[in-house]
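**Student:** Contents are mmCIF, C-alpha atoms and all ligand atoms; file name protein_14.cif:
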data_my_file
#
loop_
_atom_site.group_PDB
_atom_site.id
_atom_site.type_symbol
_atom_site.label_atom_id
_atom_site.label_comp_id
_atom_site.auth_asym_id
_atom_site.auth_seq_id
_atom_site.Cartn_x
_atom_site.Cartn_y
_atom_site.Cartn_z
ATOM 1 C CA MET A 1 53.354 -95.874 38.768
ATOM 2 C CA ILE A 2 55.146 -99.163 38.106
ATOM 3 C CA LYS A 3 55.877 -99.414 41.823
ATOM 4 C CA LYS A 4 52.179 -99.192 42.692
ATOM 5 C CA LYS A 5 51.272 -101.926 40.182
ATOM 6 C CA ILE A 6 54.079 -104.216 41.374
ATOM 7 C CA ALA A 7 52.960 -103.908 44.994
ATOM 8 C CA GLU A 8 49.547 -105.291 44.064
ATOM 9 C CA LYS A 9 50.790 -108.561 42.555
ATOM 10 C CA GLN A 10 49.542 -111.658 44.333
ATOM 11 C CA LEU A 11 51.560 -114.857 44.188
ATOM 12 C CA ILE A 12 49.910 -118.096 45.297
ATOM 13 C CA ILE A 13 52.273 -120.705 46.734
ATOM 14 C CA ALA A 14 50.955 -123.976 45.269
ATOM 15 C CA SER A 15 51.812 -126.118 48.277
ATOM 16 C CA SER A 16 50.144 -127.770 51.259
ATOM 17 C CA ASN A 17 53.507 -128.311 52.924
ATOM 18 C CA GLY A 18 53.886 -125.771 55.749
ATOM 19 C CA GLY A 19 57.687 -126.165 55.775
ATOM 20 C CA LYS A 20 57.980 -125.206 52.120
ATOM 21 C CA VAL A 21 55.553 -122.297 52.462
ATOM 22 C CA LYS A 22 57.571 -120.933 55.386
ATOM 23 C CA GLU A 23 60.779 -121.105 53.333
ATOM 24 C CA PHE A 24 59.118 -119.336 50.388
ATOM 25 C CA ARG A 25 57.841 -116.571 52.651
ATOM 26 C CA GLN A 26 61.444 -116.002 53.768
ATOM 27 C CA LEU A 27 62.846 -116.218 50.227
ATOM 28 C CA LEU A 28 60.231 -113.803 48.843
ATOM 29 C CA GLN A 29 60.331 -111.285 51.678
ATOM 30 C CA ASN A 30 62.037 -108.582 49.625
ATOM 31 C CA PHE A 31 59.872 -109.060 46.555
ATOM 32 C CA PRO A 32 56.965 -106.778 45.697
ATOM 33 C CA VAL A 33 54.441 -109.605 45.986
ATOM 34 C CA VAL A 34 51.725 -110.574 48.412
ATOM 35 C CA VAL A 35 52.451 -114.214 49.254
ATOM 36 C CA ILE A 36 49.315 -116.322 49.720
ATOM 37 C CA SER A 37 49.018 -120.054 50.428
ATOM 38 C CA LYS A 38 46.853 -122.046 48.075
ATOM 39 C CA PRO A 39 43.351 -122.987 49.294
ATOM 40 C CA ARG A 40 43.566 -126.246 51.316
ATOM 41 C CA GLU A 41 40.803 -127.973 49.382
ATOM 42 C CA LEU A 42 42.607 -127.478 46.069
ATOM 43 C CA GLN A 43 44.599 -130.699 45.536
ATOM 44 C CA VAL A 44 46.563 -131.495 42.393
ATOM 45 C CA ASP A 45 47.423 -135.062 41.340
ATOM 46 C CA GLU A 46 51.168 -135.421 40.959
ATOM 47 C CA THR A 47 51.157 -137.735 37.952
ATOM 48 C CA GLY A 48 54.487 -136.587 36.474
ATOM 49 C CA LYS A 49 57.595 -138.768 36.341
ATOM 50 C CA THR A 50 59.995 -135.921 37.140
ATOM 51 C CA PHE A 51 60.202 -133.098 39.677
ATOM 52 C CA ALA A 52 59.915 -130.578 36.821
ATOM 53 C CA GLU A 53 56.752 -132.180 35.401
ATOM 54 C CA ASN A 54 55.060 -132.207 38.820
ATOM 55 C CA ALA A 55 56.037 -128.601 39.608
ATOM 56 C CA ARG A 56 54.551 -127.544 36.272
ATOM 57 C CA LEU A 57 51.303 -129.489 36.922
ATOM 58 C CA LYS A 58 50.884 -127.870 40.346
ATOM 59 C CA ALA A 59 51.704 -124.312 39.198
ATOM 60 C CA LEU A 60 49.363 -124.445 36.176
ATOM 61 C CA ALA A 61 46.446 -125.977 38.120
ATOM 62 C CA VAL A 62 46.667 -123.539 41.032
ATOM 63 C CA ALA A 63 47.094 -120.486 38.774
ATOM 64 C CA LYS A 64 44.049 -121.531 36.754
ATOM 65 C CA ALA A 65 41.903 -122.210 39.841
ATOM 66 C CA THR A 66 42.820 -119.014 41.682
ATOM 67 C CA GLY A 67 43.208 -116.551 38.801
ATOM 68 C CA HIS A 68 46.647 -115.456 40.070
ATOM 69 C CA TRP A 69 50.263 -116.240 39.317
ATOM 70 C CA SER A 70 51.313 -119.370 41.152
ATOM 71 C CA LEU A 71 54.672 -120.665 42.349
ATOM 72 C CA ALA A 72 54.977 -124.452 42.752
ATOM 73 C CA ASP A 73 57.779 -126.566 44.153
ATOM 74 C CA ASP A 74 58.252 -130.258 43.597
ATOM 75 C CA SER A 75 61.133 -131.633 45.552
ATOM 76 C CA GLY A 76 62.550 -134.745 47.118
ATOM 77 C CA LEU A 77 65.443 -136.790 48.338
ATOM 78 C CA SER A 78 67.281 -139.225 46.026
ATOM 79 C CA VAL A 79 69.515 -141.805 47.689
ATOM 80 C CA ASP A 80 72.315 -143.434 45.665
ATOM 81 C CA ALA A 81 72.180 -146.796 47.481
ATOM 82 C CA LEU A 82 68.415 -146.980 46.817
ATOM 83 C CA ALA A 83 68.808 -146.293 43.076
ATOM 84 C CA GLY A 84 67.464 -142.744 43.487
ATOM 85 C CA ALA A 85 64.492 -143.613 45.744
ATOM 86 C CA PRO A 86 62.399 -142.135 47.224
ATOM 87 C CA GLY A 87 62.893 -139.358 44.593
ATOM 88 C CA VAL A 88 59.610 -138.005 43.196
ATOM 89 C CA LEU A 89 57.816 -140.318 45.632
ATOM 90 C CA SER A 90 59.440 -138.670 48.684
ATOM 91 C CA SER A 91 56.169 -137.402 50.156
ATOM 92 C CA ARG A 92 54.423 -140.752 49.483
ATOM 93 C CA TYR A 93 57.157 -142.820 51.229
ATOM 94 C CA ALA A 94 55.113 -142.931 54.476
ATOM 95 C CA ASP A 95 52.261 -140.981 56.101
ATOM 96 C CA SER A 96 54.236 -138.546 58.276
ATOM 97 C CA ASP A 97 57.679 -136.933 58.512
ATOM 98 C CA SER A 98 58.648 -139.283 61.349
ATOM 99 C CA GLY A 99 57.364 -142.294 59.383
ATOM 100 C CA ARG A 100 59.319 -141.254 56.279
ATOM 101 C CA ILE A 101 62.500 -140.808 58.323
ATOM 102 C CA ALA A 102 62.042 -144.170 60.075
ATOM 103 C CA ARG A 103 61.472 -145.976 56.774
ATOM 104 C CA LEU A 104 64.488 -144.411 55.099
ATOM 105 C CA LEU A 105 66.800 -145.170 58.024
ATOM 106 C CA SER A 106 65.574 -148.744 58.086
ATOM 107 C CA GLU A 107 66.090 -149.199 54.310
ATOM 108 C CA MET A 108 69.621 -147.812 54.779
ATOM 109 C CA ALA A 109 70.426 -149.830 57.928
ATOM 110 C CA THR A 110 73.104 -152.002 56.283
ATOM 111 C CA SER A 111 74.261 -149.555 53.617
ATOM 112 C CA LYS A 112 77.790 -148.122 53.780
ATOM 113 C CA ASP A 113 77.165 -145.824 50.821
ATOM 114 C CA ARG A 114 75.237 -142.918 52.396
ATOM 115 C CA ARG A 115 75.376 -140.483 49.434
ATOM 116 C CA ALA A 116 72.160 -138.655 48.545
ATOM 117 C CA HIS A 117 70.931 -135.383 47.094
ATOM 118 C CA PHE A 118 67.907 -133.155 47.375
ATOM 119 C CA SER A 119 66.314 -131.693 44.238
ATOM 120 C CA ALA A 120 63.820 -128.876 43.899
ATOM 121 C CA ALA A 121 61.990 -127.927 40.725
ATOM 122 C CA LEU A 122 60.256 -124.546 40.851
ATOM 123 C CA CYS A 123 57.702 -123.329 38.341
ATOM 124 C CA ILE A 124 55.737 -120.091 38.080
ATOM 125 C CA ALA A 125 52.596 -120.130 35.931
ATOM 126 C CA SER A 126 49.944 -117.599 35.028
ATOM 127 C CA PRO A 127 46.145 -118.141 35.026
ATOM 128 C CA ASN A 128 46.019 -118.266 31.223
ATOM 129 C CA ASN A 129 47.903 -121.586 31.193
ATOM 130 C CA GLU A 130 51.301 -120.055 30.584
ATOM 131 C CA VAL A 131 54.520 -121.307 32.155
ATOM 132 C CA LEU A 132 56.435 -118.136 33.024
ATOM 133 C CA LEU A 133 59.597 -119.737 34.365
ATOM 134 C CA GLU A 134 61.088 -123.031 35.472
ATOM 135 C CA VAL A 135 64.304 -123.712 37.397
ATOM 136 C CA MET A 136 65.981 -126.595 39.230
ATOM 137 C CA GLY A 137 68.225 -126.658 42.295
ATOM 138 C CA ARG A 138 70.223 -129.495 43.839
ATOM 139 C CA CYS A 139 72.085 -130.075 47.095
ATOM 140 C CA GLU A 140 74.554 -132.932 47.676
ATOM 141 C CA GLY A 141 74.955 -134.714 50.983
ATOM 142 C CA PHE A 142 74.664 -137.901 53.037
ATOM 143 C CA ILE A 143 72.021 -139.817 54.968
ATOM 144 C CA THR A 144 72.966 -139.822 58.657
ATOM 145 C CA ASN A 145 72.695 -142.893 60.894
ATOM 146 C CA ALA A 146 70.171 -141.171 63.178
ATOM 147 C CA PRO A 147 68.185 -137.899 63.208
ATOM 148 C CA ARG A 148 70.133 -134.772 64.307
ATOM 149 C CA GLY A 149 68.789 -131.270 64.977
ATOM 150 C CA HIS A 150 65.380 -129.722 65.500
ATOM 151 C CA GLY A 151 65.010 -127.111 62.750
ATOM 152 C CA GLY A 152 63.432 -127.323 59.305
ATOM 153 C CA PHE A 153 60.951 -129.975 58.210
ATOM 154 C CA GLY A 154 60.604 -133.281 56.374
ATOM 155 C CA TYR A 155 63.830 -135.243 55.970
ATOM 156 C CA ASP A 156 65.990 -132.359 57.305
ATOM 157 C CA PRO A 157 67.193 -134.188 60.480
ATOM 158 C CA ILE A 158 68.715 -137.077 58.480
ATOM 159 C CA PHE A 159 70.324 -135.149 55.596
ATOM 160 C CA GLU A 160 73.866 -133.927 56.230
ATOM 161 C CA VAL A 161 74.986 -131.326 53.717
ATOM 162 C CA GLU A 162 78.292 -132.074 52.001
ATOM 163 C CA SER A 163 81.319 -130.258 53.479
ATOM 164 C CA THR A 164 79.393 -128.825 56.451
ATOM 165 C CA GLY A 165 79.123 -131.674 58.985
ATOM 166 C CA LEU A 166 75.604 -130.358 59.684
ATOM 167 C CA THR A 167 72.159 -131.661 58.857
ATOM 168 C CA PHE A 168 69.640 -129.177 57.452
ATOM 169 C CA ALA A 169 67.891 -129.430 60.833
ATOM 170 C CA GLU A 170 71.087 -128.315 62.613
ATOM 171 C CA MET A 171 71.678 -125.180 60.508
ATOM 172 C CA GLY A 172 69.776 -121.910 60.722
ATOM 173 C CA HIS A 173 67.340 -121.059 57.942
ATOM 174 C CA LYS A 174 69.797 -118.599 56.344
ATOM 175 C CA LYS A 175 72.410 -121.332 55.910
ATOM 176 C CA LYS A 176 69.834 -123.761 54.542
ATOM 177 C CA GLN A 177 68.682 -121.064 52.136
ATOM 178 C CA GLU A 178 72.251 -120.521 50.925
ATOM 179 C CA LEU A 179 73.210 -124.201 50.507
ATOM 180 C CA GLY A 180 69.875 -125.953 50.064
ATOM 181 C CA HIS A 181 68.185 -127.173 46.888
ATOM 182 C CA ARG A 182 65.260 -124.731 47.228
ATOM 183 C CA GLY A 183 67.465 -121.715 47.920
ATOM 184 C CA ARG A 184 69.720 -122.606 44.992
ATOM 185 C CA ALA A 185 66.761 -122.935 42.646
ATOM 186 C CA PHE A 186 65.353 -119.675 43.997
ATOM 187 C CA ALA A 187 68.637 -117.864 43.267
ATOM 188 C CA LEU A 188 68.142 -118.750 39.573
ATOM 189 C CA LEU A 189 64.497 -117.717 39.638
ATOM 190 C CA GLU A 190 65.086 -114.401 41.421
ATOM 191 C CA PRO A 191 66.332 -112.188 38.544
ATOM 192 C CA VAL A 192 63.739 -113.553 36.107
ATOM 193 C CA LEU A 193 60.893 -113.056 38.588
ATOM 194 C CA GLN A 194 62.137 -109.530 39.217
ATOM 195 C CA SER A 195 61.874 -108.637 35.539
ATOM 196 C CA LEU A 196 58.562 -110.484 35.073
ATOM 197 C CA LEU A 197 57.110 -108.415 37.911
ATOM 198 C CA THR A 198 58.350 -105.242 36.292
ATOM 199 C CA PHE A 199 57.280 -105.924 32.709
ATOM 200 C CA ARG A 200 54.411 -108.467 32.841
ATOM 201 C CA GLN A 201 51.685 -106.829 34.912
HETATM 202 P P1 LIG B 1 53.127 -129.986 48.001
HETATM 203 O O1 LIG B 1 53.129 -130.963 46.843
HETATM 204 O O2 LIG B 1 51.756 -129.589 48.415
HETATM 205 O O3 LIG B 1 54.054 -128.831 47.786
HETATM 206 P P2 LIG B 1 54.504 -132.132 49.398
HETATM 207 O O4 LIG B 1 55.062 -132.251 50.779
HETATM 208 O O5 LIG B 1 53.632 -133.264 48.941
HETATM 209 O O6 LIG B 1 53.728 -130.749 49.317
HETATM 210 P P3 LIG B 1 56.368 -132.836 47.313
HETATM 211 O O7 LIG B 1 55.366 -133.651 46.568
HETATM 212 O O8 LIG B 1 57.272 -131.933 46.545
HETATM 213 O O9 LIG B 1 55.671 -131.893 48.395
HETATM 214 O O10 LIG B 1 57.216 -133.840 48.210
HETATM 215 C C1 LIG B 1 58.433 -133.460 48.726
HETATM 216 C C2 LIG B 1 58.837 -134.408 49.850
HETATM 217 O O11 LIG B 1 60.218 -134.198 50.133
HETATM 218 C C3 LIG B 1 58.082 -134.123 51.147
HETATM 219 O O12 LIG B 1 58.012 -135.306 51.918
HETATM 220 C C4 LIG B 1 58.970 -133.094 51.821
HETATM 221 O O13 LIG B 1 58.813 -133.034 53.229
HETATM 222 C C5 LIG B 1 60.369 -133.550 51.386
HETATM 223 N N1 LIG B 1 61.226 -132.368 51.249
HETATM 224 C C6 LIG B 1 61.236 -131.483 50.223
HETATM 225 N N2 LIG B 1 62.083 -130.475 50.480
HETATM 226 C C7 LIG B 1 62.604 -130.734 51.687
HETATM 227 C C8 LIG B 1 63.501 -130.050 52.498
HETATM 228 O O14 LIG B 1 64.003 -128.869 52.167
HETATM 229 N N3 LIG B 1 63.826 -130.590 53.671
HETATM 230 C C9 LIG B 1 63.299 -131.773 54.051
HETATM 231 N N4 LIG B 1 62.417 -132.477 53.371
HETATM 232 C C10 LIG B 1 62.052 -131.955 52.173
#
What would the structure in this file look like if it were written as structure tokens?
**Tutor:**
Amino acid sequence: MIKKKIAEKQLIIASSNGGKVKEFRQLLQNFPVVVISKPRELQVDETGKTFAENARLKALAVAKATGHWSLADDSGLSVDALAGAPGVLSSRYADSDSGRIARLLSEMATSKDRRAHFSAALCIASPNNEVLLEVMGRCEGFITNAPRGHGGFGYDPIFEVESTGLTFAEMGHKKKQELGHRGRAFALLEPVLQSLLTFRQ
């Protein structure tokens, strides 16, 4: 009986970013949920000052608008030499992935300190304005001097993961899942989501 109910649960991914949605489909593949992308026309203003605040805003708005549980991700790249920029403004740094990469490499052109980290805040909310769970994940690394690799999305070709010698764009999705900010956050979310799905139908 429980199994039947669990199989019917719909989870709306509150994102317009195809790269993120693809990663969530992979991360959620063994969960008893039907993964659905949010409607394109539904846009949420990211007015928060932190990744966690923005993830919460997106999850609550999409859950309310769709009437289903929603999973939101707010993420970004924080560069030490740029005092944490672009940070929560990562998607607003330029108009396209290639533009964002070009701008970051140009800002870093004379910098010897290449340290940076990715953060991901994940939030699941229900349609009755309830935050069901919130987690954060982080991945340390360096900004490369030039793009490397063809996988992934966003800033992946210019972010080399600490102790690997590889950019996210050079590793397979399994490795990125294991070491990356989103995968690390998801590992914390996984057991809680499992029990929510079992007990909160
Ligand atoms: P949604 O808000 O609709 O989810 P978005 O792309 O605007 O989509 P964010 O506001 O969270 O998402 O901005 C995150 C930015 O950081 C965006 O430019 C991403 O491409 C980039 N980013 C996040 N995670 C990344 C990853 O794993 N690899 C490369 N770039 C990433």
**Student:** Around ligand LIG 1 (chain B), out to 6 Å and counting all atoms listed in the file, which residues are there? I want them as a PyMOL selection string.
**Tutor:** chain A and resi 15-17+73-76+90-91+153-156
**Student:** Neighbours of Ala59 of chain A within 12 Å (all atoms listed in the file; same-chain residues fewer than 6 positions away dropped), as a PDB file with C-alpha atoms, keeping the file's coordinate frame?
**Tutor:**
ATOM      1  CA  LEU A  11      51.560-114.857  44.188  1.00  0.00           C
ATOM      2  CA  ILE A  12      49.910-118.096  45.297  1.00  0.00           C
ATOM      3  CA  ILE A  13      52.273-120.705  46.734  1.00  0.00           C
ATOM      4  CA  ALA A  14      50.955-123.976  45.269  1.00  0.00           C
ATOM      5  CA  SER A  15      51.812-126.118  48.277  1.00  0.00           C
ATOM      6  CA  LYS A  38      46.853-122.046  48.075  1.00  0.00           C
ATOM      7  CA  LEU A  42      42.607-127.478  46.069  1.00  0.00           C
ATOM      8  CA  GLN A  43      44.599-130.699  45.536  1.00  0.00           C
ATOM      9  CA  VAL A  44      46.563-131.495  42.393  1.00  0.00           C
ATOM     10  CA  ASP A  45      47.423-135.062  41.340  1.00  0.00           C
ATOM     11  CA  GLU A  46      51.168-135.421  40.959  1.00  0.00           C
ATOM     12  CA  ALA A  52      59.915-130.578  36.821  1.00  0.00           C
ATOM     13  CA  GLU A  53      56.752-132.180  35.401  1.00  0.00           C
ATOM     14  CA  ALA A  65      41.903-122.210  39.841  1.00  0.00           C
ATOM     15  CA  THR A  66      42.820-119.014  41.682  1.00  0.00           C
ATOM     16  CA  GLY A  67      43.208-116.551  38.801  1.00  0.00           C
ATOM     17  CA  HIS A  68      46.647-115.456  40.070  1.00  0.00           C
ATOM     18  CA  TRP A  69      50.263-116.240  39.317  1.00  0.00           C
ATOM     19  CA  SER A  70      51.313-119.370  41.152  1.00  0.00           C
ATOM     20  CA  LEU A  71      54.672-120.665  42.349  1.00  0.00           C
ATOM     21  CA  ALA A  72      54.977-124.452  42.752  1.00  0.00           C
ATOM     22  CA  ASP A  73      57.779-126.566  44.153  1.00  0.00           C
ATOM     23  CA  ASP A  74      58.252-130.258  43.597  1.00  0.00           C
ATOM     24  CA  ALA A 121      61.990-127.927  40.725  1.00  0.00           C
ATOM     25  CA  LEU A 122      60.256-124.546  40.851  1.00  0.00           C
ATOM     26  CA  CYS A 123      57.702-123.329  38.341  1.00  0.00           C
ATOM     27  CA  ILE A 124      55.737-120.091  38.080  1.00  0.00           C
ATOM     28  CA  ALA A 125      52.596-120.130  35.931  1.00  0.00           C
ATOM     29  CA  SER A 126      49.944-117.599  35.028  1.00  0.00           C
ATOM     30  CA  PRO A 127      46.145-118.141  35.026  1.00  0.00           C
ATOM     31  CA  ASN A 128      46.019-118.266  31.223  1.00  0.00           C
ATOM     32  CA  ASN A 129      47.903-121.586  31.193  1.00  0.00           C
ATOM     33  CA  GLU A 130      51.301-120.055  30.584  1.00  0.00           C
ATOM     34  CA  VAL A 131      54.520-121.307  32.155  1.00  0.00           C
ATOM     35  CA  LEU A 132      56.435-118.136  33.024  1.00  0.00           C
ATOM     36  CA  LEU A 133      59.597-119.737  34.365  1.00  0.00           C
ATOM     37  CA  GLU A 134      61.088-123.031  35.472  1.00  0.00           C
TER      38      GLU A 134
END
**Student:** In terms of the shortest atom-to-atom distance over all atoms listed in the file, which of A:Arg182, A:Arg56, A:Arg138, A:Arg148 is closest to Ser119 of chain A?
**Tutor:**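 Of A:Arg182, A:Arg56, A:Arg138, A:Arg148, the one nearest Ser119 of chain A, counting all atoms listed in the file, is A:Arg138.
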**Student:** For Leu82 of chain A, list every protein, DNA or RNA residue within 10 Å, evaluated using only C-alpha atoms, and leave out those in the same chain fewer than 6 positions away; present the list as a PDB file with C-alpha atoms, in the frame of the given file.
**Tutor:**
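Once written, selection.pdb looks like this:
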ATOM      1  CA  LEU A 104      64.488-144.411  55.099  1.00  0.00           C
ATOM      2  CA  GLU A 107      66.090-149.199  54.310  1.00  0.00           C
ATOM      3  CA  MET A 108      69.621-147.812  54.779  1.00  0.00           C
ATOM      4  CA  SER A 111      74.261-149.555  53.617  1.00  0.00           C
ATOM      5  CA  ASP A 113      77.165-145.824  50.821  1.00  0.00           C
ATOM      6  CA  ARG A 114      75.237-142.918  52.396  1.00  0.00           C
ATOM      7  CA  ARG A 115      75.376-140.483  49.434  1.00  0.00           C
ATOM      8  CA  ALA A 116      72.160-138.655  48.545  1.00  0.00           C
TER       9      ALA A 116
END
**Student:** For the structure shown, which residues end up in the PyMOL selection byres (((chain A and resi 24) around 10) and not hetatm)? Put them as a PyMOL selection string, please?
**Tutor:** chain A and resi 13+18-23+25-29+35+71+73+177+182-183+186
**Student:** Ranking A:His181, A:Lys9, A:Arg40, A:Arg103 by minimum distance to Val135 of chain A and counting only C-alpha atoms, which one comes first?
**Tutor:**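 For Val135 of chain A, the nearest of the given residues is A:His181.
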**Student:** Where does segment 29-50 of chain A meet segment 189-192 of chain A within 12 Å, residue by residue, with the nearest atom pair and distance in Å to one decimal for each, counting only C-alpha atoms, listed by chain and rising number, as a Markdown table?
**Tutor:**
| residue | atom | partner | partner_atom | distance |
| --- | --- | --- | --- | --- |
| A:Gln29 | CA | A:Glu190 | CA | 11.7 |
| A:Asn30 | CA | A:Glu190 | CA | 10.5 |
| A:Phe31 | CA | A:Glu190 | CA | 9.1 |
| A:Pro32 | CA | A:Glu190 | CA | 11.9 |
**Student:** Run the PyMOL selection byres (((chain A and resi 143) around 6) and not hetatm) on the file and write out the hits as a short mmCIF file (atom, residue, chain, number, x, y, z; two decimals) with C-alpha atoms, in the coordinates of the input.
**Tutor:**
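Writing done, so here's part-v8.cif:
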data_model
loop_
_atom_site.label_atom_id
_atom_site.label_comp_id
_atom_site.auth_asym_id
_atom_site.auth_seq_id
_atom_site.Cartn_x
_atom_site.Cartn_y
_atom_site.Cartn_z
CA ARG A 114 75.24 -142.92 52.40
CA PHE A 142 74.66 -137.90 53.04
CA THR A 144 72.97 -139.82 58.66
CA ILE A 158 68.72 -137.08 58.48
CA PHE A 159 70.32 -135.15 55.60
#
**Student:** What is the atom CA of Gly152 of chain A to atom CA of Phe168 of chain A distance in Å?
**Tutor:**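 It comes out at 6.7 Å.
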**Student:** Between atom CA of His117 of chain A and atom CA of Glu140 of chain A, measure the distance and give it in Å to one decimal.
**Tutor:** 4.4 Å
**Student:** What's the separation between atom CA of Ile101 of chain A and atom CA of Pro157 of chain A, in Å to one decimal place?
**Tutor:**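 Separating atom CA of Ile101 of chain A from atom CA of Pro157 of chain A is a distance of 8.4 Å.
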**Student:** Translate the PyMOL selection byres (((chain A and resi 87) around 7) and not hetatm), as applied to the file shown, into an explicit residue set as a PyMOL selection string.
**Tutor:** chain A and resi 76-78+84-86+88-90
**Student:** Of the candidates A:Ala146, A:Gly151, A:Arg92, A:Val33, which shows the shortest atom-to-atom distance to Lys175 of chain A, using all atoms listed in the file?
**Tutor:**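 Closest to Lys175 of chain A, using all atoms listed in the file: A:Gly151.
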**Student:** Start from the incomplete input, build N, CA, C and O atoms for segment 92-104 of chain A, and deliver everything as a tab-separated table (two decimals), keeping the file's coordinate frame.
**Tutor:**
chain	number	residue	atom	x	y	z
A	92	ARG	N	55.30	-139.57	49.39
A	92	ARG	CA	54.42	-140.75	49.48
A	92	ARG	C	55.15	-141.96	50.12
A	92	ARG	O	54.63	-143.06	50.13
A	93	TYR	N	56.33	-141.73	50.68
A	93	TYR	CA	57.16	-142.82	51.23
A	93	TYR	C	56.56	-143.38	52.52
A	93	TYR	O	56.78	-144.52	52.88
A	94	ALA	N	55.84	-142.54	53.26
A	94	ALA	CA	55.11	-142.93	54.48
A	94	ALA	C	54.14	-141.79	54.78
A	94	ALA	O	54.12	-140.79	54.06
A	95	ASP	N	53.35	-141.94	55.85
A	95	ASP	CA	52.26	-140.98	56.10
A	95	ASP	C	52.66	-139.72	56.85
A	95	ASP	O	51.88	-138.77	56.93
A	96	SER	N	53.85	-139.71	57.46
A	96	SER	CA	54.24	-138.55	58.28
A	96	SER	C	55.74	-138.35	58.14
A	96	SER	O	56.45	-139.27	57.69
A	97	ASP	N	56.23	-137.18	58.56
A	97	ASP	CA	57.68	-136.93	58.51
A	97	ASP	C	58.43	-138.00	59.32
A	97	ASP	O	59.43	-138.56	58.86
A	98	SER	N	57.93	-138.31	60.52
A	98	SER	CA	58.65	-139.28	61.35
A	98	SER	C	58.60	-140.68	60.71
A	98	SER	O	59.58	-141.43	60.75
A	99	GLY	N	57.48	-141.01	60.08
A	99	GLY	CA	57.36	-142.29	59.38
A	99	GLY	C	58.32	-142.38	58.20
A	99	GLY	O	58.94	-143.42	57.95
A	100	ARG	N	58.42	-141.27	57.46
A	100	ARG	CA	59.32	-141.25	56.28
A	100	ARG	C	60.77	-141.41	56.72
A	100	ARG	O	61.55	-142.15	56.12
A	101	ILE	N	61.13	-140.71	57.80
A	101	ILE	CA	62.50	-140.81	58.32
A	101	ILE	C	62.78	-142.23	58.80
A	101	ILE	O	63.83	-142.81	58.46
A	102	ALA	N	61.85	-142.81	59.55
A	102	ALA	CA	62.04	-144.17	60.08
A	102	ALA	C	62.20	-145.17	58.93
A	102	ALA	O	63.09	-146.03	58.95
A	103	ARG	N	61.39	-145.02	57.90
A	103	ARG	CA	61.47	-145.98	56.77
A	103	ARG	C	62.82	-145.85	56.06
A	103	ARG	O	63.47	-146.85	55.74
A	104	LEU	N	63.23	-144.60	55.83
A	104	LEU	CA	64.49	-144.41	55.10
A	104	LEU	C	65.68	-144.95	55.90
A	104	LEU	O	66.55	-145.64	55.35
